[in-house]
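Structure file final20.cif (mmCIF, C-alpha atoms) is printed below.
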```
data_work
#
loop_
_atom_site.label_atom_id
_atom_site.label_comp_id
_atom_site.auth_asym_id
_atom_site.auth_seq_id
_atom_site.Cartn_x
_atom_site.Cartn_y
_atom_site.Cartn_z
CA MET W 1 -22.59 4.69 9.68
CA LEU W 2 -24.51 1.76 8.22
CA SER W 3 -25.37 3.50 4.96
CA ALA W 4 -21.79 4.79 4.60
CA LEU W 5 -20.36 1.31 5.16
CA THR W 6 -22.84 -0.07 2.63
CA GLN W 7 -21.75 2.52 0.07
CA LEU W 8 -18.09 1.59 0.55
CA LEU W 9 -18.87 -2.11 0.14
CA VAL W 10 -21.00 -1.46 -2.97
CA PHE W 11 -18.12 0.45 -4.59
CA GLN W 12 -15.73 -2.35 -3.65
CA LEU W 13 -18.12 -4.93 -5.11
CA VAL W 14 -18.47 -3.00 -8.38
CA GLY W 15 -14.66 -2.68 -8.48
CA GLU W 16 -14.26 -6.45 -7.97
CA VAL W 17 -16.80 -7.26 -10.68
CA VAL W 18 -15.20 -4.90 -13.22
CA ALA W 19 -11.63 -6.05 -12.38
CA ARG W 20 -12.53 -9.70 -12.77
CA GLY W 21 -14.92 -9.20 -15.68
CA LEU W 22 -12.33 -7.30 -17.72
CA LYS W 23 -9.38 -9.36 -16.33
CA LEU W 24 -7.60 -6.17 -15.22
CA PRO W 25 -4.37 -6.57 -13.19
CA VAL W 26 -5.63 -3.94 -10.70
CA PRO W 27 -7.47 -5.29 -7.61
CA GLY W 28 -11.14 -4.56 -7.00
CA PRO W 29 -10.77 -2.23 -4.00
CA VAL W 30 -8.39 0.06 -5.93
CA LEU W 31 -10.90 0.29 -8.79
CA GLY W 32 -13.61 0.86 -6.17
CA MET W 33 -11.56 3.80 -4.86
CA LEU W 34 -11.35 5.19 -8.41
CA PHE W 35 -15.13 4.81 -8.94
CA LEU W 36 -15.95 6.45 -5.61
CA PHE W 37 -13.57 9.28 -6.50
CA ILE W 38 -15.40 9.81 -9.82
CA ALA W 39 -18.76 9.66 -8.01
CA LEU W 40 -17.58 12.30 -5.51
CA ALA W 41 -16.38 14.55 -8.34
CA LEU W 42 -19.76 14.23 -10.10
CA ARG W 43 -21.74 14.69 -6.88
CA GLY W 44 -19.60 17.56 -5.56
CA GLY W 45 -18.23 15.89 -2.41
CA PRO W 46 -19.11 13.26 0.19
CA GLY W 47 -22.10 13.51 2.50
CA HIS W 48 -21.49 14.11 6.19
CA GLU W 49 -22.04 10.47 7.14
CA LEU W 50 -19.72 9.04 4.50
CA GLN W 51 -17.06 11.52 5.54
CA THR W 52 -17.16 10.74 9.27
CA THR W 53 -17.35 6.97 8.75
CA SER W 54 -14.37 7.03 6.39
CA GLN W 55 -12.44 9.22 8.79
CA ASN W 56 -13.05 6.70 11.58
CA LEU W 57 -12.03 3.79 9.38
CA LEU W 58 -8.87 5.50 8.10
CA GLN W 59 -7.83 6.71 11.54
CA HIS W 60 -7.00 3.12 12.40
CA LEU W 61 -5.78 2.00 8.99
CA SER W 62 -2.68 0.55 10.68
CA LEU W 63 -4.80 -1.96 12.59
CA LEU W 64 -5.95 -3.54 9.33
CA PHE W 65 -2.39 -4.59 8.44
CA VAL W 66 -1.80 -6.46 11.68
CA PRO W 67 -3.32 -9.86 10.68
CA ALA W 68 -1.28 -10.03 7.42
CA GLY W 69 1.86 -8.86 9.24
CA THR W 70 1.50 -11.61 11.84
CA GLY W 71 1.85 -14.00 8.88
CA ILE W 72 5.60 -13.48 9.21
CA MET W 73 5.51 -16.39 11.67
CA ILE W 74 4.91 -18.93 8.87
CA HIS W 75 7.88 -17.60 6.88
CA LEU W 76 10.37 -17.44 9.73
CA HIS W 77 12.33 -20.31 8.14
CA ARG W 78 12.94 -18.62 4.78
CA VAL W 79 13.47 -15.29 6.46
CA ALA W 80 16.11 -16.89 8.72
CA ASP W 81 17.87 -18.49 5.72
CA GLU W 82 17.99 -15.35 3.60
CA TRP W 83 17.82 -12.63 6.23
CA LEU W 84 20.80 -10.61 4.99
CA PRO W 85 19.73 -10.08 1.34
CA LEU W 86 16.12 -9.58 2.49
CA LEU W 87 17.04 -7.01 5.10
CA LEU W 88 19.49 -5.07 2.90
CA SER W 89 17.11 -5.10 -0.06
CA LEU W 90 14.17 -3.84 2.03
CA LEU W 91 16.16 -1.17 3.84
CA ILE W 92 18.16 0.25 0.94
CA SER W 93 15.40 -0.01 -1.65
CA THR W 94 12.80 1.66 0.61
CA ILE W 95 15.10 4.59 1.43
CA ALA W 96 16.12 4.89 -2.24
CA THR W 97 12.46 4.98 -3.30
CA ILE W 98 11.59 7.74 -0.80
CA VAL W 99 14.65 9.80 -1.83
CA VAL W 100 14.19 9.38 -5.61
CA THR W 101 10.44 10.11 -5.51
CA ALA W 102 10.80 13.17 -3.27
CA LEU W 103 13.74 14.68 -5.16
CA VAL W 104 12.19 14.15 -8.62
CA MET W 105 8.99 15.87 -7.41
CA LYS W 106 10.92 18.71 -5.79
CA LEU W 107 12.87 19.29 -9.01
CA CYS W 108 9.66 19.32 -11.06
CA VAL W 109 7.94 21.76 -8.69
CA ARG W 110 10.98 24.02 -8.79
CA GLY W 111 11.18 23.72 -12.59
CA GLU W 112 7.51 24.63 -12.95
CA ALA W 113 7.89 27.56 -10.57
CA ALA W 114 10.95 28.78 -12.47
CA SER W 115 9.22 28.64 -15.87
CA GLY W 116 6.16 30.25 -14.29
CA ASN W 117 8.32 33.12 -13.03
CA ALA W 118 10.03 33.47 -16.40
CA GLN W 119 6.63 33.87 -18.05
CA GLY W 120 5.60 36.29 -15.36
CA ASP W 121 8.72 38.38 -15.96
CA ALA W 122 8.08 38.64 -19.69
CA PRO W 123 6.24 41.79 -20.72
CA MET T 1 -3.86 -26.49 33.76
CA THR T 2 -6.86 -27.91 35.60
CA PRO T 3 -9.18 -30.03 33.41
CA GLN T 4 -11.83 -27.33 33.48
CA LEU T 5 -9.46 -24.56 32.37
CA ASN T 6 -8.12 -26.89 29.74
CA GLU T 7 -11.62 -27.40 28.39
CA ILE T 8 -12.21 -23.66 28.16
CA TRP T 9 -8.86 -23.21 26.37
CA VAL T 10 -9.68 -25.95 23.85
CA TYR T 11 -12.99 -24.25 23.10
CA LEU T 12 -11.55 -20.72 22.85
CA SER T 13 -8.52 -21.66 20.78
CA ALA T 14 -10.78 -23.15 18.12
CA SER T 15 -13.17 -20.17 18.01
CA PRO T 16 -12.64 -17.03 15.88
CA LEU T 17 -13.44 -14.90 18.94
CA LEU T 18 -9.97 -15.29 20.41
CA GLY T 19 -8.02 -14.38 17.25
CA LEU T 20 -10.18 -11.30 16.72
CA THR T 21 -10.01 -10.16 20.33
CA ILE T 22 -6.25 -10.54 20.74
CA THR T 23 -5.71 -8.62 17.48
CA LEU T 24 -7.71 -5.69 18.84
CA LEU T 25 -6.11 -5.89 22.30
CA ALA T 26 -2.57 -6.09 20.88
CA TYR T 27 -3.27 -3.13 18.59
CA GLN T 28 -4.78 -1.04 21.38
CA ALA T 29 -1.77 -1.74 23.59
CA ALA T 30 0.54 -0.84 20.68
CA PHE T 31 -1.40 2.33 19.92
CA TRP T 32 -1.34 3.36 23.57
CA LEU T 33 2.45 3.04 23.56
CA TYR T 34 2.64 4.96 20.26
CA ARG T 35 0.59 7.84 21.76
CA ARG T 36 2.65 7.81 24.96
CA SER T 37 5.79 8.14 22.83
CA GLY T 38 4.35 11.31 21.22
CA LEU T 39 3.69 9.49 17.90
CA ASN T 40 7.36 8.59 17.59
CA PRO T 41 7.70 6.74 14.25
CA LEU T 42 10.07 4.24 15.89
CA VAL T 43 7.20 2.97 18.09
CA ASN T 44 5.19 1.97 15.00
CA PRO T 45 1.85 0.44 16.11
CA VAL T 46 1.86 -2.28 13.40
CA LEU T 47 5.37 -3.36 14.39
CA VAL T 48 4.56 -3.47 18.10
CA ALA T 49 1.21 -5.25 17.63
CA VAL T 50 2.70 -7.88 15.29
CA THR T 51 5.55 -8.52 17.74
CA ILE T 52 3.10 -9.00 20.62
CA LEU T 53 0.95 -11.37 18.55
CA VAL T 54 3.80 -13.49 17.17
CA LEU T 55 5.18 -13.92 20.71
CA LEU T 56 1.74 -14.77 22.09
CA LEU T 57 0.92 -17.30 19.34
CA THR T 58 4.35 -18.93 19.54
CA LEU T 59 4.23 -19.21 23.33
CA THR T 60 0.75 -20.77 23.31
CA GLY T 61 1.56 -23.04 20.34
CA THR T 62 -1.31 -21.58 18.27
CA SER T 63 -1.03 -21.90 14.48
CA TYR T 64 -1.34 -18.89 12.17
CA GLU T 65 -4.33 -20.54 10.42
CA THR T 66 -6.23 -20.79 13.71
CA TYR T 67 -5.38 -17.19 14.56
CA PHE T 68 -6.35 -15.95 11.10
CA ALA T 69 -9.79 -17.58 11.31
CA GLY T 70 -10.58 -14.78 13.79
CA ALA T 71 -8.27 -12.05 12.50
CA GLN T 72 -9.72 -12.29 8.99
CA PHE T 73 -12.60 -10.03 10.07
CA VAL T 74 -10.10 -7.22 10.62
CA HIS T 75 -8.18 -8.15 7.46
CA PHE T 76 -11.41 -7.94 5.45
CA LEU T 77 -11.83 -4.25 6.31
CA LEU T 78 -8.76 -3.44 4.17
CA GLY T 79 -11.09 -3.55 1.14
CA PRO T 80 -13.63 -0.91 2.25
CA ALA T 81 -10.80 1.15 3.81
CA THR T 82 -9.04 1.24 0.43
CA VAL T 83 -12.26 2.45 -1.19
CA ALA T 84 -12.63 5.09 1.56
CA LEU T 85 -9.26 6.59 0.58
CA ALA T 86 -11.12 8.28 -2.30
CA ILE T 87 -12.55 10.79 0.20
CA PRO T 88 -9.33 12.43 1.50
CA LEU T 89 -8.10 12.28 -2.08
CA TYR T 90 -11.13 14.20 -3.28
CA MET T 91 -10.64 16.79 -0.54
CA GLN T 92 -7.15 17.50 -1.91
CA LEU T 93 -8.26 17.55 -5.54
CA ARG T 94 -7.25 21.18 -6.11
CA ARG T 95 -3.74 20.63 -4.77
CA VAL T 96 -3.36 17.40 -6.76
CA ARG T 97 -4.46 19.19 -9.93
CA SER T 98 -1.82 21.86 -9.47
CA MET T 99 0.88 19.18 -9.15
CA LEU T 100 0.12 16.85 -12.04
CA LEU T 101 3.61 16.89 -13.58
CA PRO T 102 5.54 16.38 -10.31
CA VAL T 103 3.10 13.61 -9.35
CA ALA T 104 3.52 11.78 -12.68
CA ALA T 105 7.32 12.12 -12.74
CA GLY T 106 7.74 11.18 -9.07
CA LEU T 107 5.45 8.19 -9.50
CA LEU T 108 7.31 6.77 -12.49
CA ALA T 109 10.77 7.32 -10.96
CA GLY T 110 9.73 5.99 -7.55
CA SER T 111 7.86 2.97 -8.86
CA LEU T 112 10.81 1.80 -10.99
CA THR T 113 13.29 2.45 -8.18
CA ALA T 114 11.19 0.45 -5.71
CA ALA T 115 10.96 -2.68 -7.86
CA LEU T 116 14.32 -2.69 -9.66
CA SER T 117 16.53 -1.75 -6.72
CA ALA T 118 14.84 -4.42 -4.55
CA ILE T 119 15.61 -7.12 -7.13
CA ALA T 120 19.15 -5.87 -7.81
CA ILE T 121 20.18 -5.67 -4.14
CA ALA T 122 18.67 -9.07 -3.31
CA LYS T 123 20.48 -10.61 -6.28
CA LEU T 124 23.76 -8.93 -5.33
CA PHE T 125 23.61 -10.45 -1.84
CA GLY T 126 22.71 -13.92 -3.10
CA ALA T 127 18.96 -14.27 -2.53
CA SER T 128 17.26 -17.11 -4.41
CA LEU T 129 15.19 -16.25 -7.50
CA PRO T 130 11.77 -16.84 -5.85
CA THR T 131 12.86 -14.54 -3.00
CA GLN T 132 13.99 -11.84 -5.47
CA LEU T 133 10.68 -12.04 -7.31
CA SER T 134 8.73 -11.99 -4.05
CA LEU T 135 10.58 -8.78 -3.13
CA ALA T 136 9.91 -6.96 -6.41
CA PRO T 137 6.36 -5.72 -5.56
CA LYS T 138 7.26 -4.93 -1.91
CA SER T 139 6.24 -1.25 -2.09
CA VAL T 140 2.76 -2.00 -3.41
CA THR T 141 -0.30 -2.41 -1.20
CA THR T 142 -0.84 -6.02 0.00
CA PRO T 143 -3.66 -7.31 -2.27
CA ILE T 144 -2.04 -5.93 -5.47
CA ALA T 145 1.43 -7.10 -4.43
CA MET T 146 0.22 -10.66 -3.84
CA GLY T 147 -1.41 -10.74 -7.27
CA ILE T 148 1.78 -9.45 -8.92
CA ALA T 149 3.98 -11.96 -7.06
CA GLU T 150 1.80 -14.78 -8.30
CA ARG T 151 2.08 -13.59 -11.90
CA ILE T 152 5.86 -13.14 -11.95
CA GLY T 153 6.79 -16.32 -10.08
CA GLY T 154 7.25 -15.11 -6.52
CA ILE T 155 5.64 -16.53 -3.35
CA PRO T 156 2.45 -14.53 -2.62
CA SER T 157 2.31 -15.18 1.13
CA LEU T 158 6.00 -14.24 1.51
CA THR T 159 5.32 -11.08 -0.51
CA ALA T 160 2.49 -10.19 1.89
CA VAL T 161 4.96 -10.28 4.78
CA LEU T 162 7.67 -8.35 2.90
CA VAL T 163 5.10 -5.71 1.97
CA ILE T 164 4.21 -5.24 5.63
CA VAL T 165 7.87 -5.05 6.71
CA THR T 166 8.54 -2.51 3.93
CA GLY T 167 5.55 -0.46 5.05
CA ILE T 168 6.69 -0.47 8.67
CA PHE T 169 10.23 0.46 7.69
CA GLY T 170 9.06 3.25 5.38
CA ALA T 171 6.73 4.62 8.06
CA VAL T 172 9.52 4.46 10.67
CA SER T 173 12.33 5.96 8.55
CA GLY T 174 10.38 8.33 6.27
CA ARG T 175 10.53 11.35 8.54
CA TYR T 176 14.29 11.11 9.07
CA VAL T 177 15.07 10.43 5.38
CA LEU T 178 12.89 13.34 4.19
CA ASP T 179 14.33 15.68 6.83
CA ALA T 180 17.86 14.69 5.75
CA ILE T 181 17.20 15.61 2.10
CA LYS T 182 15.37 18.79 3.22
CA VAL T 183 12.00 18.08 1.60
CA ARG T 184 9.38 20.03 3.61
CA ASP T 185 6.27 20.22 1.40
CA PRO T 186 3.73 17.90 3.10
CA ALA T 187 2.33 16.92 -0.32
CA ILE T 188 5.72 15.69 -1.55
CA ARG T 189 6.54 14.05 1.79
CA GLY T 190 3.24 12.18 1.79
CA PHE T 191 3.54 11.15 -1.85
CA ALA T 192 7.09 9.80 -1.43
CA ILE T 193 6.06 7.76 1.62
CA GLY T 194 2.97 6.47 -0.20
CA VAL T 195 5.03 5.27 -3.19
CA ALA T 196 7.63 3.56 -0.98
CA ALA T 197 5.49 2.33 1.90
CA HIS T 198 1.87 1.96 0.61
CA GLY T 199 -0.92 1.78 3.23
CA ILE T 200 1.24 1.63 6.34
CA GLY T 201 3.11 4.72 5.17
CA THR T 202 -0.27 6.28 4.36
CA ALA T 203 -1.57 5.49 7.86
CA ARG T 204 1.49 7.20 9.34
CA ALA T 205 1.13 10.18 6.96
CA PHE T 206 -2.51 10.70 8.04
CA GLN T 207 -1.38 10.83 11.67
CA VAL T 208 0.98 13.68 10.72
CA SER T 209 -1.28 15.74 8.43
CA GLU T 210 -4.43 15.43 6.32
CA GLN T 211 -2.62 16.71 3.23
CA ALA T 212 0.32 14.33 3.57
CA GLY T 213 -2.16 11.49 4.10
CA ALA T 214 -4.18 12.34 0.99
CA PHE T 215 -1.05 12.46 -1.17
CA ALA T 216 0.17 9.20 0.33
CA ALA T 217 -3.17 7.59 -0.52
CA LEU T 218 -2.93 8.93 -4.06
CA ALA T 219 0.62 7.56 -4.39
CA MET T 220 -0.42 4.19 -3.01
CA GLY T 221 -3.27 3.82 -5.51
CA LEU T 222 -1.24 5.02 -8.50
CA ASN T 223 1.83 2.97 -7.62
CA GLY T 224 -0.30 -0.14 -7.17
CA ALA T 225 -1.85 0.29 -10.61
CA LEU T 226 1.43 1.23 -12.35
CA THR T 227 3.44 -1.62 -10.80
CA ALA T 228 0.72 -4.13 -11.67
CA LEU T 229 0.97 -3.03 -15.30
CA LEU T 230 4.76 -2.51 -15.59
CA LEU T 231 6.39 -5.18 -13.45
CA PRO T 232 5.17 -8.30 -15.33
CA LEU T 233 6.40 -6.67 -18.58
CA LEU T 234 9.78 -5.73 -17.09
CA ILE T 235 10.33 -9.19 -15.63
CA GLY T 236 9.38 -10.68 -19.01
CA TRP T 237 12.06 -8.57 -20.74
CA MET T 238 14.75 -9.39 -18.19
CA ARG T 239 14.33 -13.14 -18.65
#
```
Would you write the structure of this file as structure tokens?
Amino acid sequence: MLSALTQLLVFQLVGEVVARGLKLPVPGPVLGMLFLFIALALRGGPGHELQTTSQNLLQHLSLLFVPAGTGIMIHLHRVADEWLPLLLSLLISTIATIVVTALVMKLCVRGEAASGNAQGDAP
Amino acid sequence: MTPQLNEIWVYLSASPLLGLTITLLAYQAAFWLYRRSGLNPLVNPVLVAVTILVLLLTLTGTSYETYFAGAQFVHFLLGPATVALAIPLYMQLRRVRSMLLPVAAGLLAGSLTAALSAIAIAKLFGASLPTQLSLAPKSVTTPIAMGIAERIGGIPSLTAVLVIVTGIFGAVSGRYVLDAIKVRDPAIRGFAIGVAAHGIGTARAFQVSEQAGAFAALAMGLNGALTALLLPLLIGWMR
């Protein structure tokens, strides 16, 4: 577990250094994810330890959002003043995003399948 | 309180131990409820834990800063956890490869919808400009969203909260919305939830299936990067 955790932190650190060094708008951990992904592709997959440690960490991913979420208590004032536009914007926009993303993907998959079939039908 | 109890309270309330411990206890209680409910999305563990904590802190008159001095140790793990998302992603590499076009098209459409519809609806119902701009990156994972808010003139700490609320709402409603539009492919379901509801949606997707979780993680990473690049440009044009 210790070596796996160290690996994750090293990738995060490299991501941070590259993001800041090159002034990229993408945060360090996301770059770290990209670098680890490339390393896994080159290495042909994660070792057993890295895999189990990551699984344990990701199983309780929700926990990691709790401290930031509790921060709502310092914004209660603004939230109370503008609760209606905030609420409607969050609700409608989130549903719209799920619907648009899912339907666009479904259409593309269907389109690809259809053109695939058409090619298959050709002699 | 007796003087002795009072002394203990003064010590504990200033130490990071308490903030850390109540975060874990509140989450475990929330997760227990979530399991008891048969993983019902309405009993979202983040929502329940945050509610418990806000009530507890308000009742004891503890400030968020004091609480966060302890809770930051949990918050810190978001970094390595984000890096760890590369592993489930790698495991689904073959499936991702076969879906490059749907992934790219869904990402672009979803990312624009998330940011632009949030601004438009907030504006329509009379939100102030800083609030509108704080809402724009709401579907992006917390660290990226805070950076974007800062660049476009929003309030980063408000964005952090809106991001979490969006994530909870996406995780809670996703199943019903996707069932209603009859999308059944776990890859598409996961990806749509990841675009709309970042890490909290991803956490929920992993609880449902490994494949949905991997696609949600992919969507979260891609949407974070794309929004960070596109949104400052879009806001610049709209001004």
Report the residues retrieved by the PyMOL selection byres ((chain T) within 6 of (chain W)) from the displayed file, expressed as a ChimeraX atom specification. /T:46,50,71,74-75,78-80,82-84,86,102,106,110,113-114,117-118,121-122,125,127,144,161,164,188,192,196,200,203,225,228
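Candidate residues T:Ala30, T:Leu230, T:Val177, T:Ala171 were compared for distance to Leu112 (chain T), and the nearest is T:Leu230, using all atoms listed in the file.
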May I ask for the distance between CA of Leu20 (chain T) and CA of Leu53 (chain T), given in Å to one decimal place?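 Calculated distance between CA of Leu20 (chain T) and CA of Leu53 (chain T) is 11.3 Å.
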Mind listing whatever residues come within 8 Å of the point (-1.3, -17.4, -3.5)? Use only C-alpha atoms, file coordinates, and give them as a short mmCIF file (atom, residue, chain, number, x, y, z; two decimals) with C-alpha atoms, in the coordinates of the input.
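That gives us selection-v1.cif:
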```cif
data_model
loop_
_atom_site.label_atom_id
_atom_site.label_comp_id
_atom_site.auth_asym_id
_atom_site.auth_seq_id
_atom_site.Cartn_x
_atom_site.Cartn_y
_atom_site.Cartn_z
CA MET T 146 0.22 -10.66 -3.84
CA GLY T 147 -1.41 -10.74 -7.27
CA GLU T 150 1.80 -14.78 -8.30
CA ILE T 155 5.64 -16.53 -3.35
CA PRO T 156 2.45 -14.53 -2.62
CA SER T 157 2.31 -15.18 1.13
#
```
If we count only C-alpha atoms and set the cut-off at 10 Å, which residues sit around Leu231 (chain T), ignoring sequence neighbours fewer than 4 positions away in its own chain? Please answer as a list in words. Ser111, Leu112, Ala115, Leu116, Ala136, Pro137, Ile148, Ala149, Arg151, Ile152, Leu226, Thr227, Ile235, Gly236 and Trp237 of chain T
Using all atoms listed in the file, list the residues that have an atom at most 12 Å from (-3.9, 1.2, 22.4), coordinates as in the file, as a PyMOL selection string. (chain W and resi 60+62-63) or (chain T and resi 23-37+44-46+48-49)
Find the distance between CA of Lys123 (chain T) and CA of Gly170 (chain T) and write it in Å to one decimal.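 Result for CA of Lys123 (chain T) versus CA of Gly170 (chain T): 21.4 Å, one decimal.
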Evaluate the PyMOL selection byres ((chain T and resi 10-18) around 8) and report residues as an mmCIF file with C-alpha atoms, in the coordinates of the input:
```cif
data_model
loop_
_atom_site.group_PDB
_atom_site.id
_atom_site.type_symbol
_atom_site.label_atom_id
_atom_site.label_comp_id
_atom_site.auth_asym_id
_atom_site.auth_seq_id
_atom_site.Cartn_x
_atom_site.Cartn_y
_atom_site.Cartn_z
ATOM 1 C CA ASN T 6 -8.120 -26.890 29.740
ATOM 2 C CA GLU T 7 -11.620 -27.400 28.390
ATOM 3 C CA ILE T 8 -12.210 -23.660 28.160
ATOM 4 C CA TRP T 9 -8.860 -23.210 26.370
ATOM 5 C CA GLY T 19 -8.020 -14.380 17.250
ATOM 6 C CA LEU T 20 -10.180 -11.300 16.720
ATOM 7 C CA THR T 21 -10.010 -10.160 20.330
ATOM 8 C CA ILE T 22 -6.250 -10.540 20.740
ATOM 9 C CA THR T 62 -1.310 -21.580 18.270
ATOM 10 C CA THR T 66 -6.230 -20.790 13.710
ATOM 11 C CA TYR T 67 -5.380 -17.190 14.560
ATOM 12 C CA PHE T 68 -6.350 -15.950 11.100
ATOM 13 C CA ALA T 69 -9.790 -17.580 11.310
ATOM 14 C CA GLY T 70 -10.580 -14.780 13.790
ATOM 15 C CA ALA T 71 -8.270 -12.050 12.500
#
```
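Going from CA of Thr166 (chain T) to CA of Ala197 (chain T) covers 6.1 Å.
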Could you tell me which residues the PyMOL selection byres ((chain T and resi 140) around 7) grabs in this file, written as a PyMOL selection string? chain T and resi 137-139+141-142+144-145+163+198+220+223-224
